[in-house]
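Chemist: Sharing coords.pdb (PDB, C-alpha atoms) below.
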MODEL        1
ATOM      1  CA  MET A1139      14.897  -0.046  25.199  1.00  0.00           C
ATOM      2  CA  ASP A1140      15.939   2.034  22.201  1.00  0.00           C
ATOM      3  CA  LYS A1141      13.490   1.392  19.354  1.00  0.00           C
ATOM      4  CA  THR A1142      14.793   4.074  16.999  1.00  0.00           C
ATOM      5  CA  VAL A1143      15.490   3.210  13.370  1.00  0.00           C
ATOM      6  CA  GLY A1144      17.714   5.307  11.134  1.00  0.00           C
ATOM      7  CA  THR A1145      15.392   5.856   8.169  1.00  0.00           C
ATOM      8  CA  ALA A1146      11.791   5.319   7.137  1.00  0.00           C
ATOM      9  CA  ARG A1147      12.971   3.025   4.363  1.00  0.00           C
ATOM     10  CA  GLU A1148      14.799   0.833   6.867  1.00  0.00           C
ATOM     11  CA  ALA A1149      11.731   0.735   9.119  1.00  0.00           C
ATOM     12  CA  VAL A1150       9.432  -0.645   6.398  1.00  0.00           C
ATOM     13  CA  ALA A1151      11.953  -2.743   4.483  1.00  0.00           C
ATOM     14  CA  ASP A1152      10.522  -6.050   5.721  1.00  0.00           C
ATOM     15  CA  ILE A1153       6.885  -5.285   4.798  1.00  0.00           C
ATOM     16  CA  PRO A1154       6.104  -7.881   2.126  1.00  0.00           C
ATOM     17  CA  SER A1155       3.734  -7.724  -0.805  1.00  0.00           C
ATOM     18  CA  GLY A1156       0.279  -8.861   0.262  1.00  0.00           C
ATOM     19  CA  ALA A1157       0.620  -7.466   3.796  1.00  0.00           C
ATOM     20  CA  LYS A1158      -2.304  -6.005   5.742  1.00  0.00           C
ATOM     21  CA  LEU A1159      -1.566  -2.477   6.958  1.00  0.00           C
ATOM     22  CA  ALA A1160      -3.377  -0.248   9.456  1.00  0.00           C
ATOM     23  CA  VAL A1161      -2.494   3.348   8.576  1.00  0.00           C
ATOM     24  CA  GLY A1162      -3.215   6.373  10.745  1.00  0.00           C
ATOM     25  CA  GLY A1163      -4.536   9.701   9.573  1.00  0.00           C
ATOM     26  CA  PHE A1164      -7.766  11.410   8.623  1.00  0.00           C
ATOM     27  CA  GLY A1165      -7.707  12.828   5.122  1.00  0.00           C
ATOM     28  CA  VAL A1166      -4.147  14.129   5.083  1.00  0.00           C
ATOM     29  CA  CYS A1167      -4.154  15.155   8.762  1.00  0.00           C
ATOM     30  CA  GLY A1168      -1.673  13.153  10.802  1.00  0.00           C
ATOM     31  CA  ILE A1169      -0.710  10.783   8.002  1.00  0.00           C
ATOM     32  CA  PRO A1170       2.621   8.888   8.272  1.00  0.00           C
ATOM     33  CA  SER A1171       3.849  10.421   5.025  1.00  0.00           C
ATOM     34  CA  ALA A1172       7.517   9.421   5.339  1.00  0.00           C
ATOM     35  CA  THR A1173       6.881   5.697   5.813  1.00  0.00           C
ATOM     36  CA  ILE A1174       4.165   5.675   3.125  1.00  0.00           C
ATOM     37  CA  ARG A1175       6.615   7.326   0.724  1.00  0.00           C
ATOM     38  CA  ALA A1176       9.237   4.706   1.594  1.00  0.00           C
ATOM     39  CA  LEU A1177       6.747   1.933   0.800  1.00  0.00           C
ATOM     40  CA  ALA A1178       6.000   3.571  -2.525  1.00  0.00           C
ATOM     41  CA  GLU A1179       9.706   3.715  -3.364  1.00  0.00           C
ATOM     42  CA  LEU A1180      10.179   0.055  -2.444  1.00  0.00           C
ATOM     43  CA  GLY A1181       7.374  -0.930  -4.815  1.00  0.00           C
ATOM     44  CA  VAL A1182       5.627  -3.283  -2.373  1.00  0.00           C
ATOM     45  CA  SER A1183       2.373  -4.409  -4.009  1.00  0.00           C
ATOM     46  CA  ASP A1184      -0.899  -6.277  -3.415  1.00  0.00           C
ATOM     47  CA  LEU A1185      -1.411  -4.435  -0.126  1.00  0.00           C
ATOM     48  CA  GLU A1186      -4.572  -4.413   1.967  1.00  0.00           C
ATOM     49  CA  ILE A1187      -4.957  -1.030   3.649  1.00  0.00           C
ATOM     50  CA  TRP A1188      -7.096  -0.292   6.706  1.00  0.00           C
ATOM     51  CA  SER A1189      -7.506   3.443   7.186  1.00  0.00           C
ATOM     52  CA  ASN A1190     -10.265   6.002   7.641  1.00  0.00           C
ATOM     53  CA  ASN A1191      -9.852   6.919   3.975  1.00  0.00           C
ATOM     54  CA  CYS A1192      -7.087   7.127   1.371  1.00  0.00           C
ATOM     55  CA  GLY A1193      -6.397  10.833   1.546  1.00  0.00           C
ATOM     56  CA  VAL A1194      -6.233  12.770  -1.707  1.00  0.00           C
ATOM     57  CA  ASP A1195      -4.785  12.137  -5.126  1.00  0.00           C
ATOM     58  CA  GLY A1196      -0.999  12.052  -5.229  1.00  0.00           C
ATOM     59  CA  THR A1197      -0.534  12.407  -1.462  1.00  0.00           C
ATOM     60  CA  GLY A1198      -0.013   9.792   1.239  1.00  0.00           C
ATOM     61  CA  LEU A1199      -1.963   6.629   0.509  1.00  0.00           C
ATOM     62  CA  GLY A1200      -3.037   8.252  -2.748  1.00  0.00           C
ATOM     63  CA  THR A1201       0.526   7.652  -3.965  1.00  0.00           C
ATOM     64  CA  LEU A1202       0.239   3.915  -3.354  1.00  0.00           C
ATOM     65  CA  LEU A1203      -3.088   3.879  -5.193  1.00  0.00           C
ATOM     66  CA  GLU A1204      -1.683   5.697  -8.199  1.00  0.00           C
ATOM     67  CA  GLN A1205       1.189   3.217  -8.402  1.00  0.00           C
ATOM     68  CA  ARG A1206      -1.259   0.291  -8.226  1.00  0.00           C
ATOM     69  CA  GLN A1207       0.237  -1.068  -5.014  1.00  0.00           C
ATOM     70  CA  VAL A1208      -3.110  -1.540  -3.238  1.00  0.00           C
ATOM     71  CA  ARG A1209      -5.390  -4.546  -3.757  1.00  0.00           C
ATOM     72  CA  ARG A1210      -8.026  -3.989  -1.056  1.00  0.00           C
ATOM     73  CA  VAL A1211      -9.123  -1.220   1.326  1.00  0.00           C
ATOM     74  CA  ILE A1212     -11.240  -1.125   4.484  1.00  0.00           C
ATOM     75  CA  ALA A1213     -12.296   2.488   4.998  1.00  0.00           C
ATOM     76  CA  SER A1214     -15.153   4.710   6.117  1.00  0.00           C
ATOM     77  CA  TYR A1215     -15.457   6.715   2.913  1.00  0.00           C
ATOM     78  CA  ILE A1216     -13.870   7.301  -0.461  1.00  0.00           C
ATOM     79  CA  GLY A1217     -13.690  11.036   0.164  1.00  0.00           C
ATOM     80  CA  GLY A1218     -12.041  13.390  -2.285  1.00  0.00           C
ATOM     81  CA  ASN A1219      -9.676  10.855  -3.859  1.00  0.00           C
ATOM     82  CA  LYS A1220     -10.757  10.567  -7.496  1.00  0.00           C
ATOM     83  CA  GLU A1221      -8.323   7.759  -8.299  1.00  0.00           C
ATOM     84  CA  PHE A1222      -9.639   5.765  -5.349  1.00  0.00           C
ATOM     85  CA  ALA A1223     -13.191   6.097  -6.684  1.00  0.00           C
ATOM     86  CA  ARG A1224     -12.116   5.332 -10.261  1.00  0.00           C
ATOM     87  CA  GLN A1225     -10.286   2.119  -9.324  1.00  0.00           C
ATOM     88  CA  TYR A1226     -13.197   0.945  -7.180  1.00  0.00           C
ATOM     89  CA  LEU A1227     -15.849   1.572  -9.836  1.00  0.00           C
ATOM     90  CA  ALA A1228     -13.627   0.083 -12.559  1.00  0.00           C
ATOM     91  CA  GLY A1229     -13.227  -3.177 -10.641  1.00  0.00           C
ATOM     92  CA  GLU A1230      -9.508  -2.663 -10.047  1.00  0.00           C
ATOM     93  CA  LEU A1231      -9.779  -2.392  -6.265  1.00  0.00           C
ATOM     94  CA  GLU A1232     -11.829  -4.128  -3.588  1.00  0.00           C
ATOM     95  CA  LEU A1233     -13.404  -1.828  -0.991  1.00  0.00           C
ATOM     96  CA  GLU A1234     -15.074  -2.764   2.279  1.00  0.00           C
ATOM     97  CA  LEU A1235     -16.888   0.236   3.706  1.00  0.00           C
ATOM     98  CA  SER A1236     -17.218   0.415   7.491  1.00  0.00           C
ATOM     99  CA  PRO A1237     -18.976   3.080   9.599  1.00  0.00           C
ATOM    100  CA  GLN A1238     -16.362   5.398  11.047  1.00  0.00           C
ATOM    101  CA  GLY A1239     -17.018   4.601  14.700  1.00  0.00           C
ATOM    102  CA  THR A1240     -17.247   0.905  13.914  1.00  0.00           C
ATOM    103  CA  LEU A1241     -13.908   0.989  12.091  1.00  0.00           C
ATOM    104  CA  ALA A1242     -12.318   2.769  15.054  1.00  0.00           C
ATOM    105  CA  GLU A1243     -13.644   0.138  17.456  1.00  0.00           C
ATOM    106  CA  ARG A1244     -12.606  -2.742  15.162  1.00  0.00           C
ATOM    107  CA  LEU A1245      -9.033  -1.455  15.258  1.00  0.00           C
ATOM    108  CA  ARG A1246      -9.108  -0.924  19.020  1.00  0.00           C
ATOM    109  CA  ALA A1247     -10.646  -4.348  19.579  1.00  0.00           C
ATOM    110  CA  GLY A1248      -7.953  -6.006  17.482  1.00  0.00           C
ATOM    111  CA  GLY A1249      -5.269  -4.279  19.498  1.00  0.00           C
ATOM    112  CA  MET A1250      -6.846  -5.299  22.796  1.00  0.00           C
ATOM    113  CA  GLY A1251      -7.277  -8.955  21.826  1.00  0.00           C
ATOM    114  CA  ILE A1252     -11.056  -8.719  21.483  1.00  0.00           C
ATOM    115  CA  PRO A1253     -12.132 -10.900  18.534  1.00  0.00           C
ATOM    116  CA  ALA A1254     -15.553  -9.331  17.968  1.00  0.00           C
ATOM    117  CA  PHE A1255     -18.208  -7.057  19.452  1.00  0.00           C
ATOM    118  CA  TYR A1256     -21.828  -6.038  18.941  1.00  0.00           C
ATOM    119  CA  THR A1257     -22.903  -2.542  17.875  1.00  0.00           C
ATOM    120  CA  PRO A1258     -26.232  -0.963  16.910  1.00  0.00           C
ATOM    121  CA  ALA A1259     -24.575   0.946  14.049  1.00  0.00           C
ATOM    122  CA  GLY A1260     -25.783  -0.389  10.703  1.00  0.00           C
ATOM    123  CA  VAL A1261     -28.663  -2.528  11.955  1.00  0.00           C
ATOM    124  CA  GLY A1262     -31.500  -2.583   9.421  1.00  0.00           C
ATOM    125  CA  THR A1263     -29.240  -1.455   6.575  1.00  0.00           C
ATOM    126  CA  ALA A1264     -27.137  -3.195   3.945  1.00  0.00           C
ATOM    127  CA  MET A1265     -24.234  -2.869   6.389  1.00  0.00           C
ATOM    128  CA  ALA A1266     -25.832  -5.674   8.403  1.00  0.00           C
ATOM    129  CA  ASP A1267     -28.026  -7.321   5.768  1.00  0.00           C
ATOM    130  CA  GLY A1268     -25.257  -7.610   3.143  1.00  0.00           C
ATOM    131  CA  GLY A1269     -25.258  -6.735  -0.533  1.00  0.00           C
ATOM    132  CA  ILE A1270     -22.871  -3.748  -0.539  1.00  0.00           C
ATOM    133  CA  PRO A1271     -20.585  -3.979  -3.605  1.00  0.00           C
ATOM    134  CA  TRP A1272     -17.065  -4.847  -2.492  1.00  0.00           C
ATOM    135  CA  ARG A1273     -15.725  -5.279  -6.002  1.00  0.00           C
ATOM    136  CA  TYR A1274     -17.112  -4.524  -9.437  1.00  0.00           C
ATOM    137  CA  GLY A1275     -16.341  -6.474 -12.569  1.00  0.00           C
ATOM    138  CA  THR A1276     -14.896  -4.871 -15.683  1.00  0.00           C
ATOM    139  CA  ASP A1277     -18.421  -4.904 -17.135  1.00  0.00           C
ATOM    140  CA  GLY A1278     -19.738  -2.762 -14.270  1.00  0.00           C
ATOM    141  CA  ALA A1279     -21.685  -5.580 -12.633  1.00  0.00           C
ATOM    142  CA  VAL A1280     -21.110  -6.437  -8.964  1.00  0.00           C
ATOM    143  CA  ALA A1281     -18.512  -9.201  -8.737  1.00  0.00           C
ATOM    144  CA  VAL A1282     -18.207  -9.469  -4.947  1.00  0.00           C
ATOM    145  CA  GLU A1283     -20.688  -8.170  -2.400  1.00  0.00           C
ATOM    146  CA  SER A1284     -20.654  -7.957   1.385  1.00  0.00           C
ATOM    147  CA  PRO A1285     -22.096 -10.969   3.225  1.00  0.00           C
ATOM    148  CA  PRO A1286     -24.878 -10.675   5.814  1.00  0.00           C
ATOM    149  CA  LYS A1287     -23.713 -10.290   9.400  1.00  0.00           C
ATOM    150  CA  GLU A1288     -25.014 -11.860  12.576  1.00  0.00           C
ATOM    151  CA  VAL A1289     -27.644  -9.753  14.344  1.00  0.00           C
ATOM    152  CA  ARG A1290     -28.711 -10.419  17.938  1.00  0.00           C
ATOM    153  CA  THR A1291     -31.208  -8.834  20.268  1.00  0.00           C
ATOM    154  CA  PHE A1292     -30.093  -7.686  23.709  1.00  0.00           C
ATOM    155  CA  PRO A1293     -32.069  -6.154  26.576  1.00  0.00           C
ATOM    156  CA  GLY A1294     -31.370  -2.544  27.320  1.00  0.00           C
ATOM    157  CA  GLU A1295     -32.832   0.641  28.696  1.00  0.00           C
ATOM    158  CA  GLY A1296     -36.436   0.927  27.619  1.00  0.00           C
ATOM    159  CA  GLY A1297     -36.669  -2.581  26.163  1.00  0.00           C
ATOM    160  CA  THR A1298     -34.657  -4.605  23.673  1.00  0.00           C
ATOM    161  CA  ARG A1299     -32.497  -3.571  20.737  1.00  0.00           C
ATOM    162  CA  ASP A1300     -30.818  -5.294  17.811  1.00  0.00           C
ATOM    163  CA  TYR A1301     -27.046  -5.280  17.455  1.00  0.00           C
ATOM    164  CA  VAL A1302     -24.798  -6.414  14.592  1.00  0.00           C
ATOM    165  CA  LEU A1303     -21.639  -8.445  15.119  1.00  0.00           C
ATOM    166  CA  GLU A1304     -18.411  -6.809  13.926  1.00  0.00           C
ATOM    167  CA  HIS A1305     -14.970  -8.419  13.998  1.00  0.00           C
ATOM    168  CA  GLY A1306     -11.799  -6.886  15.394  1.00  0.00           C
ATOM    169  CA  LEU A1307      -8.938  -6.066  13.035  1.00  0.00           C
ATOM    170  CA  ARG A1308      -5.348  -7.207  13.595  1.00  0.00           C
ATOM    171  CA  ALA A1309      -2.901  -5.932  10.987  1.00  0.00           C
ATOM    172  CA  ASP A1310       0.461  -7.362   9.977  1.00  0.00           C
ATOM    173  CA  PHE A1311       1.966  -3.871  10.229  1.00  0.00           C
ATOM    174  CA  ALA A1312       0.783  -0.424  11.311  1.00  0.00           C
ATOM    175  CA  LEU A1313       2.125   2.972  10.228  1.00  0.00           C
ATOM    176  CA  VAL A1314       1.452   6.018  12.414  1.00  0.00           C
ATOM    177  CA  ARG A1315       2.727   9.540  13.012  1.00  0.00           C
ATOM    178  CA  ALA A1316       3.162  11.472  16.246  1.00  0.00           C
ATOM    179  CA  ALA A1317       4.241  14.977  17.178  1.00  0.00           C
ATOM    180  CA  ARG A1318       6.674  13.747  19.824  1.00  0.00           C
ATOM    181  CA  GLY A1319       8.021  10.406  20.897  1.00  0.00           C
ATOM    182  CA  ASP A1320      10.834   9.006  22.997  1.00  0.00           C
ATOM    183  CA  ARG A1321      13.214   6.171  22.204  1.00  0.00           C
ATOM    184  CA  ALA A1322      10.979   3.672  24.002  1.00  0.00           C
ATOM    185  CA  GLY A1323       8.083   4.489  21.680  1.00  0.00           C
ATOM    186  CA  ASN A1324       5.915   6.529  24.048  1.00  0.00           C
ATOM    187  CA  LEU A1325       3.959   8.934  21.835  1.00  0.00           C
ATOM    188  CA  VAL A1326       2.267  12.318  22.071  1.00  0.00           C
ATOM    189  CA  PHE A1327      -0.047  13.462  19.264  1.00  0.00           C
ATOM    190  CA  HIS A1328      -1.011  17.031  18.385  1.00  0.00           C
ATOM    191  CA  SER A1329      -4.710  17.898  18.552  1.00  0.00           C
ATOM    192  CA  SER A1330      -6.768  16.448  15.689  1.00  0.00           C
ATOM    193  CA  ALA A1331      -3.685  14.762  14.216  1.00  0.00           C
ATOM    194  CA  ARG A1332      -4.239  12.102  16.873  1.00  0.00           C
ATOM    195  CA  ASN A1333      -7.364  10.820  15.025  1.00  0.00           C
ATOM    196  CA  PHE A1334      -6.948   7.130  14.047  1.00  0.00           C
ATOM    197  CA  ASN A1335      -3.231   6.965  14.872  1.00  0.00           C
ATOM    198  CA  PRO A1336      -3.422   5.401  18.379  1.00  0.00           C
ATOM    199  CA  LEU A1337      -6.025   2.866  17.225  1.00  0.00           C
ATOM    200  CA  CYS A1338      -3.994   1.813  14.196  1.00  0.00           C
ATOM    201  CA  ALA A1339      -0.873   1.551  16.330  1.00  0.00           C
ATOM    202  CA  MET A1340      -2.663  -0.793  18.728  1.00  0.00           C
ATOM    203  CA  ALA A1341      -3.940  -2.971  15.875  1.00  0.00           C
ATOM    204  CA  GLY A1342      -0.518  -3.669  14.329  1.00  0.00           C
ATOM    205  CA  ARG A1343       1.492  -6.774  15.129  1.00  0.00           C
ATOM    206  CA  THR A1344       4.504  -4.643  14.168  1.00  0.00           C
ATOM    207  CA  THR A1345       3.990  -0.894  14.472  1.00  0.00           C
ATOM    208  CA  VAL A1346       6.207   1.802  12.994  1.00  0.00           C
ATOM    209  CA  ALA A1347       5.861   5.317  14.414  1.00  0.00           C
ATOM    210  CA  GLU A1348       7.420   8.300  12.683  1.00  0.00           C
ATOM    211  CA  VAL A1349       7.899  11.213  15.100  1.00  0.00           C
ATOM    212  CA  GLU A1350       8.389  14.876  14.338  1.00  0.00           C
ATOM    213  CA  GLN A1351      10.415  15.398  17.509  1.00  0.00           C
ATOM    214  CA  LEU A1352      12.440  12.671  19.203  1.00  0.00           C
ATOM    215  CA  VAL A1353      13.091  13.109  22.921  1.00  0.00           C
ATOM    216  CA  GLU A1354      14.964  11.023  25.437  1.00  0.00           C
ATOM    217  CA  GLU A1355      13.288   8.564  27.803  1.00  0.00           C
ATOM    218  CA  GLY A1356      12.016  10.419  30.851  1.00  0.00           C
ATOM    219  CA  ASP A1357      11.494  13.705  29.001  1.00  0.00           C
ATOM    220  CA  LEU A1358       7.774  13.063  28.525  1.00  0.00           C
ATOM    221  CA  ASP A1359       5.500  13.579  31.496  1.00  0.00           C
ATOM    222  CA  PRO A1360       3.629  10.283  31.973  1.00  0.00           C
ATOM    223  CA  ASP A1361       0.359  12.228  32.128  1.00  0.00           C
ATOM    224  CA  GLU A1362       0.868  13.702  28.644  1.00  0.00           C
ATOM    225  CA  ILE A1363       1.589  10.394  26.894  1.00  0.00           C
ATOM    226  CA  HIS A1364      -1.304   9.460  24.606  1.00  0.00           C
ATOM    227  CA  LEU A1365      -0.002   6.027  23.618  1.00  0.00           C
ATOM    228  CA  PRO A1366       2.481   3.961  25.665  1.00  0.00           C
ATOM    229  CA  GLY A1367       5.501   2.435  23.993  1.00  0.00           C
ATOM    230  CA  ILE A1368       4.271  -1.137  24.542  1.00  0.00           C
ATOM    231  CA  PHE A1369       2.347  -0.748  21.263  1.00  0.00           C
ATOM    232  CA  ILE A1370       5.326   0.566  19.262  1.00  0.00           C
ATOM    233  CA  ASP A1371       8.095  -1.541  17.744  1.00  0.00           C
ATOM    234  CA  ARG A1372      10.060   0.989  15.670  1.00  0.00           C
ATOM    235  CA  VAL A1373      10.520   4.744  15.996  1.00  0.00           C
ATOM    236  CA  VAL A1374      11.602   6.816  12.994  1.00  0.00           C
ATOM    237  CA  PRO A1375      12.893  10.310  13.902  1.00  0.00           C
ATOM    238  CA  LEU A1376      11.972  12.685  11.070  1.00  0.00           C
ATOM    239  CA  ASP A1377      14.340  15.306   9.747  1.00  0.00           C
ATOM    240  CA  GLU A1378      13.221  18.927   9.495  1.00  0.00           C
ATOM    241  CA  HIS A1379      11.937  18.503   5.936  1.00  0.00           C
ATOM    242  CA  ASP A1380       9.822  15.410   6.625  1.00  0.00           C
ATOM    243  CA  ALA A1381       8.583  16.764   9.955  1.00  0.00           C
ATOM    244  CA  SER A1382       7.185  19.839   8.193  1.00  0.00           C
ATOM    245  CA  ASP A1383       5.553  17.798   5.429  1.00  0.00           C
ATOM    246  CA  LYS A1384       1.927  18.512   6.367  1.00  0.00           C
ATOM    247  CA  PRO A1385      -0.175  18.971   3.218  1.00  0.00           C
ATOM    248  CA  THR A1386      -3.489  20.801   3.225  1.00  0.00           C
ATOM    249  CA  GLU A1387      -6.398  18.763   1.936  1.00  0.00           C
ATOM    250  CA  LYS A1388      -8.577  21.645   0.814  1.00  0.00           C
ATOM    251  CA  LEU A1389      -8.020  25.392   0.742  1.00  0.00           C
ATOM    252  CA  THR A1390     -10.975  27.700   1.291  1.00  0.00           C
ATOM    253  CA  PHE A1391     -10.715  31.340   0.345  1.00  0.00           C
ATOM    254  CA  ARG A1392     -12.913  34.144   1.606  1.00  0.00           C
ATOM    255  CA  THR A1393     -14.700  36.010  -1.180  1.00  0.00           C
ATOM    256  CA  GLY A1394     -16.103  39.506  -1.113  1.00  0.00           C
ATOM    257  CA  GLN A1395     -15.268  42.410   1.156  1.00  0.00           C
ATOM    258  CA  GLU A1396     -14.227  41.566   4.681  1.00  0.00           C
ATOM    259  CA  THR A1397     -15.969  43.349   7.511  1.00  0.00           C
ATOM    260  CA  SER A1398     -14.697  44.029  10.978  1.00  0.00           C
TER     261      SER A1398
ENDMDL
END
Reformat the file's structure so that it appears as structure tokens.
Modeler:
Amino acid sequence: MDKTVGTAREAVADIPSGAKLAVGGFGVCGIPSATIRALAELGVSDLEIWSNNCGVDGTGLGTLLEQRQVRRVIASYIGGNKEFARQYLAGELELELSPQGTLAERLRAGGMGIPAFYTPAGVGTAMADGGIPWRYGTDGAVAVESPPKEVRTFPGEGGTRDYVLEHGLRADFALVRAARGDRAGNLVFHSSARNFNPLCAMAGRTTVAEVEQLVEEGDLDPDEIHLPGIFIDRVVPLDEHDASDKPTEKLTFRTGQETS
């Protein structure tokens, strides 16, 4: 089955305003920059984004934020994106913070058809008890706060332990990026660029994968495939320019005299 699509714009053309999107990447590592850019050009608005974070200002998801196309975000941290923080604190954006491992498992659970699960992460904190500001008002007061979550006690090694209930996430669409992929959607990721990409791909009802190198079916050794094509609906082969679009989040320079 050939799942290739001619352009990134064509692959995301049916994403409507108000859609829920799971987007791969960590900072700007492994982000699906071509499909995000296509969404920005199409002007789709009122989006709810589920991603580890929203990258940096002016890059990747930061572009959608700057163009006011995002209504709500589920993420692990605000990170180095100043516009993300400004919109949240100004009451222009709703933000649901989720522990990084919990967010990863919520995406995986959604993709595997698991509606909810229990985890010890966050027990005894506002993550479980509620009260975390989701949205501020224009006056700086909390307008919407997180609700309390169900906590149950389970037996375990050495006694009992409390666990908080977290719900799986199932997105309308998912956008991911891979180093290599075949026409059937089987994907191979490069090192740390794998990050949240497989999990987001699993969580999407319709998943778009942009690939830096397109190969024919049968060219990938089954043992090297990180994500099978059953989770992928559309494959976007990137041209040389888009395939090399890999921004650096932060440059660090050595100071002083180097020693050998």
Chemist: Determine the residue membership of the PyMOL selection byres ((chain A and resi 1292-1305) around 10) for the file above and supply it as a VMD selection string.
Modeler: chain A and resid 1236 1240 to 1241 1243 to 1245 1247 to 1248 1252 to 1262 1265 to 1267 1286 to 1291 1306 to 1308
Chemist: Mind listing as a JSON list (two decimals) with C-alpha atoms, in the coordinates of the input all residues within 12 Å of (3.6, -2.1, 20.5), counting all atoms listed in the file?
Modeler:
[["chain", "number", "residue", "atom", "x", "y", "z"],
["A", 1141, "LYS", "CA", 13.49, 1.39, 19.35],
["A", 1249, "GLY", "CA", -5.27, -4.28, 19.50],
["A", 1250, "MET", "CA", -6.85, -5.30, 22.80],
["A", 1311, "PHE", "CA", 1.97, -3.87, 10.23],
["A", 1312, "ALA", "CA", 0.78, -0.42, 11.31],
["A", 1313, "LEU", "CA", 2.12, 2.97, 10.23],
["A", 1314, "VAL", "CA", 1.45, 6.02, 12.41],
["A", 1322, "ALA", "CA", 10.98, 3.67, 24.00],
["A", 1323, "GLY", "CA", 8.08, 4.49, 21.68],
["A", 1324, "ASN", "CA", 5.92, 6.53, 24.05],
["A", 1325, "LEU", "CA", 3.96, 8.93, 21.84],
["A", 1336, "PRO", "CA", -3.42, 5.40, 18.38],
["A", 1337, "LEU", "CA", -6.02, 2.87, 17.23],
["A", 1338, "CYS", "CA", -3.99, 1.81, 14.20],
["A", 1339, "ALA", "CA", -0.87, 1.55, 16.33],
["A", 1340, "MET", "CA", -2.66, -0.79, 18.73],
["A", 1341, "ALA", "CA", -3.94, -2.97, 15.88],
["A", 1342, "GLY", "CA", -0.52, -3.67, 14.33],
["A", 1343, "ARG", "CA", 1.49, -6.77, 15.13],
["A", 1344, "THR", "CA", 4.50, -4.64, 14.17],
["A", 1345, "THR", "CA", 3.99, -0.89, 14.47],
["A", 1346, "VAL", "CA", 6.21, 1.80, 12.99],
["A", 1347, "ALA", "CA", 5.86, 5.32, 14.41],
["A", 1365, "LEU", "CA", 0.00, 6.03, 23.62],
["A", 1366, "PRO", "CA", 2.48, 3.96, 25.66],
["A", 1367, "GLY", "CA", 5.50, 2.44, 23.99],
["A", 1368, "ILE", "CA", 4.27, -1.14, 24.54],
["A", 1369, "PHE", "CA", 2.35, -0.75, 21.26],
["A", 1370, "ILE", "CA", 5.33, 0.57, 19.26],
["A", 1371, "ASP", "CA", 8.10, -1.54, 17.74],
["A", 1372, "ARG", "CA", 10.06, 0.99, 15.67],
["A", 1373, "VAL", "CA", 10.52, 4.74, 16.00]]
Chemist: Would you translate the PyMOL selection byres ((chain A and resi 1193-1199) around 6) into the concrete set of residues it matches in this file, as a ChimeraX atom specification?
Modeler: /A:1165-1166,1171,1191-1192,1200-1202,1218-1219
Chemist: Using the chain letters and numbers from the file, give me the residues hit by the PyMOL selection byres ((chain A and resi 1179) around 12), as a short mmCIF file (atom, residue, chain, number, x, y, z; two decimals) with C-alpha atoms, keeping the file's coordinate frame.
Modeler:
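So the final result, stored in out16.cif, reads:
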data_model
loop_
_atom_site.label_atom_id
_atom_site.label_comp_id
_atom_site.auth_asym_id
_atom_site.auth_seq_id
_atom_site.Cartn_x
_atom_site.Cartn_y
_atom_site.Cartn_z
CA ALA A 1146 11.79 5.32 7.14
CA ARG A 1147 12.97 3.02 4.36
CA GLU A 1148 14.80 0.83 6.87
CA VAL A 1150 9.43 -0.64 6.40
CA ALA A 1151 11.95 -2.74 4.48
CA ALA A 1172 7.52 9.42 5.34
CA THR A 1173 6.88 5.70 5.81
CA ILE A 1174 4.16 5.68 3.12
CA ARG A 1175 6.62 7.33 0.72
CA ALA A 1176 9.24 4.71 1.59
CA LEU A 1177 6.75 1.93 0.80
CA ALA A 1178 6.00 3.57 -2.52
CA LEU A 1180 10.18 0.06 -2.44
CA GLY A 1181 7.37 -0.93 -4.82
CA VAL A 1182 5.63 -3.28 -2.37
CA SER A 1183 2.37 -4.41 -4.01
CA THR A 1201 0.53 7.65 -3.96
CA LEU A 1202 0.24 3.92 -3.35
CA GLN A 1205 1.19 3.22 -8.40
CA GLN A 1207 0.24 -1.07 -5.01
#
Chemist: Can you work out which one of A:Ala1331, A:Ala1228, A:Leu1233, A:Ala1223 has the shortest atom-to-atom distance to Ser1284 (chain A), counting only C-alpha atoms?
Modeler: A:Leu1233
